[in-house]
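Heads up: the structure comes next, in structure tokens.
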4 protein chains.
Amino acid sequence: MIPEKIDLAHAADRSEWSERFVQVRNTTDALATDLLPEDQTIQSMPDVSPTKWHRAHVTWFFETFLLVPHLRAYRVFAPEFGYLFNSYYQAVGPRHPRPQRGLLSRPSVAEIAAYRNHVTEAMLRLIDEAGEEDWQPLAPLLELGINHEEQHQELIFMDIKHVFSVNPLRPAYARARVAPRAAGHPAMLGWKDFAGGIAEIGHHGCRFAFDNETPRHKVWLEPYRLASRLVTCGEYLAFIEDGGYRRPELWLSDGWAAVEAQGWEAPLYWEREGEGEWSVFTLTGLRPLDLEEPVCHASYYEADAYARWAGKRLPTEAEWERAAAGAKVSAEQGMLHPRPAPSQQVGLSQMIGDVWQWTASSYSPYPGFRAPAGAIGEYNGKFMSGQMVLRGGAVVTPPGHSRVSYRNFFPPMARWAFSGIRLAEDM
Amino acid sequence: MIPEKIDLAHAADRSEWSERFVQVRNTTDALATDLLPEDQTIQSMPDVSPTKWHRAHVTWFFETFLLVPHLRAYRVFAPEFGYLFNSYYQAVGPRHPRPQRGLLSRPSVAEIAAYRNHVTEAMLRLIDEAGEEDWQPLAPLLELGINHEEQHQELIFMDIKHVFSVNPLRPAYARARVAPRAAGHPAMLGWKDFAGGIAEIGHHGCRFAFDNETPRHKVWLEPYRLASRLVTCGEYLAFIEDGGYRRPELWLSDGWAAVEAQGWEAPLYWEREGEGEWSVFTLTGLRPLDLEEPVCHASYYEADAYARWAGKRLPTEAEWERAAAGAKVSAEQGMLHPRPAPSQQVGLSQMIGDVWQWTASSYSPYPGFRAPAGAIGEYNGKFMSGQMVLRGGAVVTPPGHSRVSYRNFFPPMARWAFSGIRLAEDM
Amino acid sequence: MIPEKIDLAHAADRSEWSERFVQVRNTTDALATDLLPEDQTIQSMPDVSPTKWHRAHVTWFFETFLLVPHLRAYRVFAPEFGYLFNSYYQAVGPRHPRPQRGLLSRPSVAEIAAYRNHVTEAMLRLIDEAGEEDWQPLAPLLELGINHEEQHQELIFMDIKHVFSVNPLRPAYARARVAPRAAGHPAMLGWKDFAGGIAEIGHHGCRFAFDNETPRHKVWLEPYRLASRLVTCGEYLAFIEDGGYRRPELWLSDGWAAVEAQGWEAPLYWEREGEGEWSVFTLTGLRPLDLEEPVCHASYYEADAYARWAGKRLPTEAEWERAAAGAKVSAEQGMLHPRPAPSQQVGLSQMIGDVWQWTASSYSPYPGFRAPAGAIGEYNGKFMSGQMVLRGGAVVTPPGHSRVSYRNFFPPMARWAFSGIRLAEDM
Amino acid sequence: MIPEKIDLAHAADRSEWSERFVQVRNTTDALATDLLPEDQTIQSMPDVSPTKWHRAHVTWFFETFLLVPHLRAYRVFAPEFGYLFNSYYQAVGPRHPRPQRGLLSRPSVAEIAAYRNHVTEAMLRLIDEAGEEDWQPLAPLLELGINHEEQHQELIFMDIKHVFSVNPLRPAYARARVAPRAAGHPAMLGWKDFAGGIAEIGHHGCRFAFDNETPRHKVWLEPYRLASRLVTCGEYLAFIEDGGYRRPELWLSDGWAAVEAQGWEAPLYWEREGEGEWSVFTLTGLRPLDLEEPVCHASYYEADAYARWAGKRLPTEAEWERAAAGAKVSAEQGMLHPRPAPSQQVGLSQMIGDVWQWTASSYSPYPGFRAPAGAIGEYNGKFMSGQMVLRGGAVVTPPGHSRVSYRNFFPPMARWAFSGIRLAEDM
């Protein structure tokens, strides 16, 4: 049972910060409990990082941006880790090349565990001892660091899934929890209408958000409709069986080039076992495809082609965010794979916490966006090119990251995120 | 002297169509008059096509989409040309791979001239003889074909410039016309303000436009300012001399990767002759850099980095289009390289016809956009991924293509178009 | 009718040298007579050079190594040609990158013809006017230059064949000369025995040879047999039909990697028209495969795999050279494709002038080999790594180059030379 | 202290075979004793295999070629290991792609240890229980398997050295044993003369040899000289300081291409610390370069260029083998890096067991060579293309493999073997 997360925006005292900090650190370590040192060392493609690298990098983030500038007499654990575990912060110095993260047997998993302990303890001292005037600039950085580590928790799931998938032995990350399937009939696909006009999107309020969710701003929307639930594996299979991967007229030009170059015939992790028989590789191993589950691990190109085949389109991020106002996390927590939509629901289901939903919006700065000064300014802004926005969060997304203004982003060819499809159409 | 173009939207009779058609055909051939067969055969990079290929491809377009379906008893000039000169129309059949267009010595330039004559004559027969009910669907296709050939006229300029640039002999496409430099002082950089609110962009009216310029639609704009003229080479040189190409903090992440991978140190066609001395390769050969000319052949990444260095940003396409309402073509016609802004001008100068201006907008469908059915639907829509919009037209853009709703698009790394920079900022 | 070549080793006076020189220059130009400027400009793969490049390069060789150092007041035709037409002589200065030879429309074919005339005239002056003491060092360089240009005559054939082969129009270099097929039955495959012992190989005598044919030296040979004729297309087809290209056990490891990476299913220029129907692309165009012709355009890997399949092996170059002593050019001169072996012949046929025959010998220096000093030393020696020796000459090899000591060499993967197979076996 | 190896050619009974078998198995495991699971999982380049892969592959060899066909009721440990641990035996079935050996976290190091035990026990049973008529074909396979595992012991050293070298932390494989440097002056470079004539090379006698060392055969040799010791780091440094890596005239054409493409400036593992200061990475970590040690980790191209610079050449394998007759292992056993030559020695020193010595001979079959039938025939023969022969063995070569007829082979660009240089010259 995942405990309720502490709301730092209304934290009464430092102990609540410490508690929240320790919670996120422990959660990260818990993800690696059943992984061998060998598992934590592999980088199966350049996009993937080894588990132990994630565990060290989030630690480096606290050390670099909080401990070194703010904790008196802090002793850096190992100076060379600054080179190894800097991800992409040019302002902080040179980095070990990303595609070579899997070439490092050392520091070992044990050494990284020691590094984590060293930094966690120092951080607790910092939280406890910082004077009030120090605390004011520290608190937002700490909150950022906590959210940053939570983002990497999702990456650990995504990456270890890919690592195991390229192994012919197909290891499972966890034992399957047999979740009771909802009784009753599969959910019908319905549509919900939205009138046109001016809407507002973007983060507001005092709770945490990343810089790319701001500023809140107006947009003009034409009337539109949104599908009541996600596209299912069964619906997607009909696209495949109708020659979806062999008909260039359904695809963006770059998407068709990807189909041909990569030899795509289905979403990532689908495996054809025989005529019409499909399995899917999950964090609990290989198992038969469930036709009522939402399709997952589709690229933007596939989402777009599916929508064209279906005579629909993908929603823009503004259309999605406006419709999501007030939506609740729908998936049971702690699941490692998305589940079918509830068969009976009024309005929109599966908006938050099932699979990330590709939007038709490229990842651009909101009007008036300004990246923060310094290295922290590299967190989001410099990636605003060549990527598409996804919304809604997935079953492996930490609670709280599934807020309606959260903007996830991946290149249109990427498939290793837990990404699926919700349809839209003009009215 | 380029004659006034006939306005087909108000053409009184078929002879006006014939005249316009012949005009565009002759203009294309005139571009190749001084090129040797060897020149017309070269493909200097995959993006570039040989001149003779362009001349054949636009001809194939008329043959495939007009003559074959509509001209009774039309004899296809050479069936195998359908394979060689189809650019990207999947619906029409397989194509010769684009990167191999430069491997074809045959058909020769002379054979392609014969092909052009064959098709021109048949087209004139079709225009003349088509019955009225046939004419209704034909006319829009003919207008599209004419505009298509005009687009390739600009590509011929872009491509032959690149072809000559990779030759150590640095041949010139044309002899330089010494145009009198405007008297007086260089134009100061001013700013024009625009209030926020709802604006409308997109094509309207009865004149020709491409599908991607429609439908006209509303957008919400925050208040903004636009620079009164384009960024000059002198201003861009200050960016270079301030270490612009060595400072990752100024660049988008993908842009910095391009700088490193391509070894960029200046815009395309700039050549450093010595300490602080720069030359630029033009269609009239290599000559010293004129600091007051607009910078040209910059990628989107460079435009974006320059704007960040200058503390400004690029305009969105909506901001640009709204500001451009009523703008006139500013460049003297027939120039092969952009010229300095007039030193005294009220309002915005160099909006139309100098260099294409990168916008901050990715190339996406307008709300409600529908690609036409059939192969013609592949014209624009399938490229709406991974590219950025440019606006305004360049000195090598055929007259008429520089309309305010025209959406040009290139990948953010592309530099061989005549692309420059206009700055914007929030108010 | 190709005239008898003058034997420079016994030339009585300078006029014989002039005559031989003019003859080779005219022969080169004659090869390009029917080629368009477009044809002469194409580089269809990095190994291939454009015809006009060959014509300029051999001219540069005379200019650089004879005219500049030896002809008083010689005016270099165009200084920048030194950069464009140097092939690989590091000692002479930097070069235009080989894979970019096809990006040069200029100098045009006409300019290169003027370059050739300029150099030919200056050379004739040099031959005529050189004082006797100057002549001594000049004569060997002149003879080398003449032989060098002849090597490029063969390369022109090889390269234009490849250029036309990648063109879907499949142009023919020349009209087919219908040569009367020898009457009678196909030649049976026989074997000729050779006793073991010490043999001598390498060039001797006063006639011209390249440095890599020297010094003549002893080798120890075990007893062996040589096949009486070349492997035919029909025999090779049996290998294909027996799964030759699908059975890794028949191939060297690198050869099998090439089969898989390149998708080889037959020799270069073979095209499968249907079930069991094969055509072959030749310099006279595409035509049905003649099963009695020798197989041609096989790589070393294919030759080796065929030999293994046949239970035989390839001969070493020493075995071949010893057996070839006294052999005569067998092919009718001026052919552009190899012909079947004569049906009735005693001893070995097709040893000289049909197709180059792969040997089992890697291209290494002979014991005691010394490359000449200076740039000329780069002619052969620096390529003695990673290549295999071929012997015997082909139908497109200039007369005289088919001498028994001549060592041709190509990488084991190369297929665009006129290369075939002769079998050997241990006794 | 490494015990004397049992000479199986004269083994009195099965227990000697068992003892020798167990010895080689234990030696392999001992090499991994101090390696973490993380260390044993890394593949730092496609040529390198993870330690745990080596440990499993040699085990698979015994299982596949001995246990499965010969041990009644043998239970295969894990059927899927046949796919994972087959190196290159096409006849045995498909394999996991070599460049992806580093993507496998499972089977874990612990599972591979269990696999080793399972196979070792079964093998001991087989050795013990095989009937005499079974034993006859088994014994040679067992001896091959033992020698095969010994070859992989050397590969484990080579590969883990490379794995650690790409890690910025530069881990050491072992603690340095401070070996006493020989007293006295460095060894002078002398020359030993050999008369020309017929020599015999290749394996003879009843002891084990690989197929590629046979058959013993005659060769003709011209008179030659061999250097009395290996080229030292100090001598090689003079080559570097004389511009060796910047002078194309010293290099084979392919070698110079490698210098430029790879940016070579010194042998692998040399690191320039400052002006004229060099360190070298060894299995005991990074330490200052010892100028009297033999140069190591040079490619063939570098060995050849050095020899040309020195006015000498590399010996052929026949020259080397004839000179090595009767040579003894010179290095102290158990060293992990080569040591300087003894200062006083008559004749040739460092012939056996210091560093592998590149020869001028490409790796080709000996006259009359026949690969064995079946999968075992793939052991050596199919690699006889594109590689050069090395002779003499290195400090990391298992005792016994340093016999004078042993033919090691690597591509001319390879540098991660312990490969050095001995000079030769014509007399």
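Convention: chains lettered A, B, ... in structure tokens order; per-chain residue numbering from 1; ligands numbered from 1 as shown.
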
With only C-alpha atoms as the counted atoms, please give the residues lying no more than 8 Å from range 109-112 of chain D, apart from itself and same-chain residues fewer than 4 positions off, as a tab-separated table (two decimals) with C-alpha atoms, in the first residue's frame.
chain	number	residue	atom	x	y	z
D	37	PRO	CA	29.53	-9.63	-11.05
D	40	GLN	CA	32.12	-9.90	-15.56
D	52	LYS	CA	31.14	-14.53	-17.59
D	55	ARG	CA	33.38	-18.87	-18.60
D	56	ALA	CA	30.10	-20.11	-20.00
D	116	ARG	CA	30.41	-24.79	-14.84

* Contacts of range 232-248 of chain A at 10 Å or less, counting only C-alpha atoms, minus same-chain residues fewer than 6 places along, as a ChimeraX atom specification? -> /A:187,189,255-257,259-260,263-267,276,278,289-296,302-303,305-307,309-310,339-341,420-422 /B:89-91,382

* Asked: Near Glu319 in chain D, within 9 Å and counting only C-alpha atoms, which residues show up once chain neighbours fewer than 5 positions away are dropped, as a ChimeraX atom specification?
  -> /D:194,199,221,224-226,324,424

I need the chosen residues saved as a PDB file, in the first residue's frame, with N, CA, C and O atoms.
ATOM      1  N   PHE D 194      70.781 -15.782 -40.718  1.00  0.00           N
ATOM      2  CA  PHE D 194      70.307 -17.104 -41.116  1.00  0.00           C
ATOM      3  C   PHE D 194      70.545 -17.278 -42.615  1.00  0.00           C
ATOM      4  O   PHE D 194      70.210 -16.371 -43.402  1.00  0.00           O
ATOM      5  N   ALA D 199      63.634 -24.722 -45.900  1.00  0.00           N
ATOM      6  CA  ALA D 199      63.394 -24.968 -44.478  1.00  0.00           C
ATOM      7  C   ALA D 199      62.081 -25.720 -44.347  1.00  0.00           C
ATOM      8  O   ALA D 199      61.299 -25.805 -45.297  1.00  0.00           O
ATOM      9  N   LEU D 221      63.622 -20.124 -48.311  1.00  0.00           N
ATOM     10  CA  LEU D 221      63.935 -18.849 -47.654  1.00  0.00           C
ATOM     11  C   LEU D 221      65.193 -18.229 -48.256  1.00  0.00           C
ATOM     12  O   LEU D 221      66.182 -18.940 -48.482  1.00  0.00           O
ATOM     13  N   TYR D 224      68.527 -14.096 -44.337  1.00  0.00           N
ATOM     14  CA  TYR D 224      67.910 -12.998 -43.575  1.00  0.00           C
ATOM     15  C   TYR D 224      68.553 -12.885 -42.207  1.00  0.00           C
ATOM     16  O   TYR D 224      69.295 -13.767 -41.771  1.00  0.00           O
ATOM     17  N   ARG D 225      68.238 -11.795 -41.541  1.00  0.00           N
ATOM     18  CA  ARG D 225      68.692 -11.534 -40.178  1.00  0.00           C
ATOM     19  C   ARG D 225      67.481 -11.272 -39.299  1.00  0.00           C
ATOM     20  O   ARG D 225      66.505 -10.676 -39.748  1.00  0.00           O
ATOM     21  N   LEU D 226      67.607 -11.627 -38.030  1.00  0.00           N
ATOM     22  CA  LEU D 226      66.535 -11.348 -37.078  1.00  0.00           C
ATOM     23  C   LEU D 226      67.101 -10.535 -35.918  1.00  0.00           C
ATOM     24  O   LEU D 226      68.244 -10.779 -35.482  1.00  0.00           O
ATOM     25  N   ALA D 324      63.145 -19.759 -34.345  1.00  0.00           N
ATOM     26  CA  ALA D 324      62.699 -20.020 -32.980  1.00  0.00           C
ATOM     27  C   ALA D 324      62.963 -21.445 -32.537  1.00  0.00           C
ATOM     28  O   ALA D 324      62.732 -21.783 -31.366  1.00  0.00           O
ATOM     29  N   ALA D 424      63.271  -7.640 -38.751  1.00  0.00           N
ATOM     30  CA  ALA D 424      64.074  -8.523 -39.592  1.00  0.00           C
ATOM     31  C   ALA D 424      64.671  -7.677 -40.710  1.00  0.00           C
ATOM     32  O   ALA D 424      64.283  -6.527 -40.915  1.00  0.00           O
TER      33      ALA D 424
END

* Distance-based interface of chain D with chain C, 8 Å, counting only C-alpha atoms, as an NGL selection string -> :D and (90-91 or 198 or 218-220 or 222 or 248-249 or 251-254 or 362 or 367-368 or 378 or 381-387 or 426)

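When the distance limit is 6 Å and only C-alpha atoms are what count, the residues near Ser419 in chain B, minus those fewer than 5 positions from it on the same chain, are B:Cys296, B:His297, B:Ala298, B:Val355, B:Trp356, B:Gln357.
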
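If you look at CA of Ile201 in chain D and CA of Arg216 in chain D, they are 5.4 Å away from each other.
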
* Could you give me, as number ranges by chain, the residues within 6 Å of Arg229 in chain B, counting only C-alpha atoms and dropping anything in the same chain fewer than 2 positions from it? => B: 227, 349-350

Using N, CA, C and O atoms, can you export the residues from the last selection as a PDB file, in the first residue's frame?
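What ended up in selection_11.pdb:
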ATOM      1  N   ALA B 227      10.784  42.814 -34.478  1.00  0.00           N
ATOM      2  CA  ALA B 227      11.905  43.649 -34.924  1.00  0.00           C
ATOM      3  C   ALA B 227      11.563  44.267 -36.281  1.00  0.00           C
ATOM      4  O   ALA B 227      10.932  43.638 -37.126  1.00  0.00           O
ATOM      5  N   SER B 349      10.180  46.361 -42.194  1.00  0.00           N
ATOM      6  CA  SER B 349      10.722  46.171 -43.540  1.00  0.00           C
ATOM      7  C   SER B 349      11.195  44.740 -43.695  1.00  0.00           C
ATOM      8  O   SER B 349      11.298  43.995 -42.719  1.00  0.00           O
ATOM      9  N   GLN B 350      11.492  44.354 -44.919  1.00  0.00           N
ATOM     10  CA  GLN B 350      12.024  43.024 -45.230  1.00  0.00           C
ATOM     11  C   GLN B 350      11.106  41.896 -44.767  1.00  0.00           C
ATOM     12  O   GLN B 350      11.584  40.814 -44.408  1.00  0.00           O
TER      13      GLN B 350
END

* Just the residues within 10 Å of Ser87 in chain C, please, counting only C-alpha atoms, with nothing from its chain fewer than 2 positions along; format it as a list of chain:residue names. => C:Trp53, C:His54, C:His57, C:Val58, C:Trp60, C:Phe61, C:Gly82, C:Tyr83, C:Leu84, C:Phe85, C:Tyr89, C:Gln90, C:Pro94, C:Arg95, C:His96, C:Pro97, C:Arg98

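You can rank A:Phe62, A:Tyr269, A:Phe410, A:Phe164 by their closest distance to Leu104 in chain D using only C-alpha atoms, and at the top of that list sits A:Phe164.
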
* To do: Please report, as a PyMOL selection string, each residue of range 153-298 of chain B to which DSSP assigns strand (DSSP E) when run on this structure's backbone.
  => chain B and resi 191-194+197-201+217-221+224-227+270-274+277-282+285-288

* Asked: Distance CA of Ala373 in chain C-CA of Thr214 in chain C, one decimal place?
  -> 15.4 Å

Just list the residues in range 249-340 of chain B DSSP gives helix (DSSP H, G or I) on the backbone, as a short mmCIF file (atom, residue, chain, number, x, y, z; two decimals) with N, CA, C and O atoms, in the first residue's frame.
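Contents of the output file part_33.cif:
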data_model
loop_
_atom_site.label_atom_id
_atom_site.label_comp_id
_atom_site.auth_asym_id
_atom_site.auth_seq_id
_atom_site.Cartn_x
_atom_site.Cartn_y
_atom_site.Cartn_z
N GLU B 249 25.15 26.74 -23.51
CA GLU B 249 23.99 27.28 -22.80
C GLU B 249 23.10 28.12 -23.71
O GLU B 249 21.96 28.44 -23.36
N LEU B 250 23.60 28.49 -24.89
CA LEU B 250 22.79 29.29 -25.81
C LEU B 250 21.92 28.43 -26.73
O LEU B 250 21.09 28.96 -27.46
N SER B 253 19.23 21.56 -26.98
CA SER B 253 20.06 20.37 -26.84
C SER B 253 20.37 19.75 -28.20
O SER B 253 21.53 19.43 -28.51
N ASP B 254 19.36 19.60 -29.05
CA ASP B 254 19.58 19.04 -30.39
C ASP B 254 20.44 19.98 -31.24
O ASP B 254 21.18 19.53 -32.12
N GLY B 255 20.30 21.27 -31.02
CA GLY B 255 21.09 22.23 -31.77
C GLY B 255 22.56 22.12 -31.41
O GLY B 255 23.44 22.11 -32.29
N TRP B 256 22.84 21.99 -30.14
CA TRP B 256 24.23 21.86 -29.71
C TRP B 256 24.83 20.56 -30.26
O TRP B 256 25.99 20.53 -30.68
N ALA B 257 24.03 19.51 -30.26
CA ALA B 257 24.51 18.25 -30.84
C ALA B 257 24.86 18.45 -32.32
O ALA B 257 25.85 17.90 -32.81
N ALA B 258 24.06 19.25 -33.02
CA ALA B 258 24.35 19.52 -34.43
C ALA B 258 25.64 20.32 -34.57
O ALA B 258 26.47 20.05 -35.44
N VAL B 259 25.81 21.33 -33.73
CA VAL B 259 27.05 22.14 -33.76
C VAL B 259 28.26 21.22 -33.63
O VAL B 259 29.22 21.33 -34.39
N GLU B 260 28.19 20.29 -32.68
CA GLU B 260 29.33 19.42 -32.44
C GLU B 260 29.51 18.39 -33.55
O GLU B 260 30.62 18.15 -34.00
N ALA B 261 28.41 17.81 -33.98
CA ALA B 261 28.52 16.74 -34.99
C ALA B 261 28.93 17.31 -36.35
O ALA B 261 29.70 16.69 -37.08
N GLN B 262 28.43 18.48 -36.70
CA GLN B 262 28.70 19.06 -38.02
C GLN B 262 29.89 20.00 -38.00
O GLN B 262 30.30 20.49 -39.05
N TYR B 300 17.43 26.55 -38.13
CA TYR B 300 16.56 26.95 -37.01
C TYR B 300 17.35 26.98 -35.71
O TYR B 300 17.17 27.88 -34.88
N TYR B 301 18.23 26.01 -35.53
CA TYR B 301 18.99 25.96 -34.28
C TYR B 301 19.84 27.22 -34.11
O TYR B 301 19.97 27.76 -33.02
N GLU B 302 20.42 27.68 -35.22
CA GLU B 302 21.23 28.89 -35.15
C GLU B 302 20.36 30.12 -34.91
O GLU B 302 20.73 31.02 -34.15
N ALA B 303 19.21 30.17 -35.58
CA ALA B 303 18.31 31.30 -35.38
C ALA B 303 17.87 31.36 -33.92
O ALA B 303 17.86 32.43 -33.29
N ASP B 304 17.54 30.21 -33.36
CA ASP B 304 17.09 30.14 -31.97
C ASP B 304 18.22 30.53 -31.01
O ASP B 304 18.00 31.26 -30.04
N ALA B 305 19.43 30.05 -31.28
CA ALA B 305 20.56 30.37 -30.40
C ALA B 305 20.89 31.86 -30.48
O ALA B 305 21.19 32.50 -29.47
N TYR B 306 20.84 32.40 -31.70
CA TYR B 306 21.11 33.84 -31.84
C TYR B 306 20.10 34.64 -31.02
O TYR B 306 20.45 35.58 -30.31
N ALA B 307 18.82 34.28 -31.14
CA ALA B 307 17.79 35.01 -30.42
C ALA B 307 18.01 34.93 -28.91
O ALA B 307 17.88 35.93 -28.19
N ARG B 308 18.40 33.75 -28.43
CA ARG B 308 18.63 33.61 -26.99
C ARG B 308 19.82 34.48 -26.56
O ARG B 308 19.78 35.15 -25.52
N TRP B 309 20.86 34.48 -27.38
CA TRP B 309 22.03 35.31 -27.09
C TRP B 309 21.64 36.79 -27.05
O TRP B 309 22.11 37.55 -26.20
N GLU B 317 4.39 31.63 -35.83
CA GLU B 317 3.91 31.95 -37.18
C GLU B 317 2.66 32.83 -37.13
O GLU B 317 2.44 33.66 -38.02
N ALA B 318 1.87 32.70 -36.06
CA ALA B 318 0.68 33.55 -35.95
C ALA B 318 1.09 35.00 -35.72
O ALA B 318 0.52 35.93 -36.31
N GLU B 319 2.07 35.21 -34.85
CA GLU B 319 2.56 36.57 -34.62
C GLU B 319 3.08 37.19 -35.92
O GLU B 319 2.86 38.36 -36.23
N TRP B 320 3.81 36.36 -36.66
CA TRP B 320 4.39 36.87 -37.90
C TRP B 320 3.29 37.22 -38.91
O TRP B 320 3.30 38.30 -39.50
N GLU B 321 2.34 36.30 -39.08
CA GLU B 321 1.33 36.49 -40.12
C GLU B 321 0.45 37.70 -39.83
O GLU B 321 0.11 38.46 -40.74
N ARG B 322 0.09 37.81 -38.56
CA ARG B 322 -0.74 38.97 -38.22
C ARG B 322 0.03 40.26 -38.53
O ARG B 322 -0.53 41.20 -39.08
N ALA B 323 1.32 40.31 -38.18
CA ALA B 323 2.10 41.53 -38.40
C ALA B 323 2.32 41.79 -39.88
O ALA B 323 2.53 42.94 -40.30
N ALA B 324 2.31 40.73 -40.68
CA ALA B 324 2.66 40.87 -42.09
C ALA B 324 1.49 41.33 -42.95
O ALA B 324 1.67 41.60 -44.14
#

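Using only C-alpha atoms, the contacts of range 143-156 of chain C at a cut-off of 6 Å, with sequence neighbours closer than 6 positions omitted, comprise Thr51, Val58, Val396 and Thr397 of chain C.
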
For the residues in the current selection, export N, CA, C and O atoms as a PDB file, in the first residue's frame.
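Output below, filename part29.pdb:
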ATOM      1  N   THR C  51      34.447   8.874 -65.669  1.00  0.00           N
ATOM      2  CA  THR C  51      35.298   8.776 -66.864  1.00  0.00           C
ATOM      3  C   THR C  51      36.148  10.033 -67.032  1.00  0.00           C
ATOM      4  O   THR C  51      37.353   9.948 -67.313  1.00  0.00           O
ATOM      5  N   VAL C  58      45.143  10.684 -65.532  1.00  0.00           N
ATOM      6  CA  VAL C  58      46.309  10.152 -66.247  1.00  0.00           C
ATOM      7  C   VAL C  58      47.100  11.294 -66.881  1.00  0.00           C
ATOM      8  O   VAL C  58      48.333  11.210 -67.045  1.00  0.00           O
ATOM      9  N   VAL C 396      38.965  -6.768 -71.215  1.00  0.00           N
ATOM     10  CA  VAL C 396      39.067  -5.305 -71.232  1.00  0.00           C
ATOM     11  C   VAL C 396      40.450  -4.824 -70.816  1.00  0.00           C
ATOM     12  O   VAL C 396      40.668  -3.628 -70.645  1.00  0.00           O
ATOM     13  N   THR C 397      41.363  -5.745 -70.621  1.00  0.00           N
ATOM     14  CA  THR C 397      42.727  -5.386 -70.239  1.00  0.00           C
ATOM     15  C   THR C 397      43.522  -5.012 -71.487  1.00  0.00           C
ATOM     16  O   THR C 397      43.499  -5.761 -72.471  1.00  0.00           O
TER      17      THR C 397
END

* Between CA of Gly190 in chain A and CA of Ser228 in chain A, what is the distance, to one decimal in Å? -> 5.0 Å
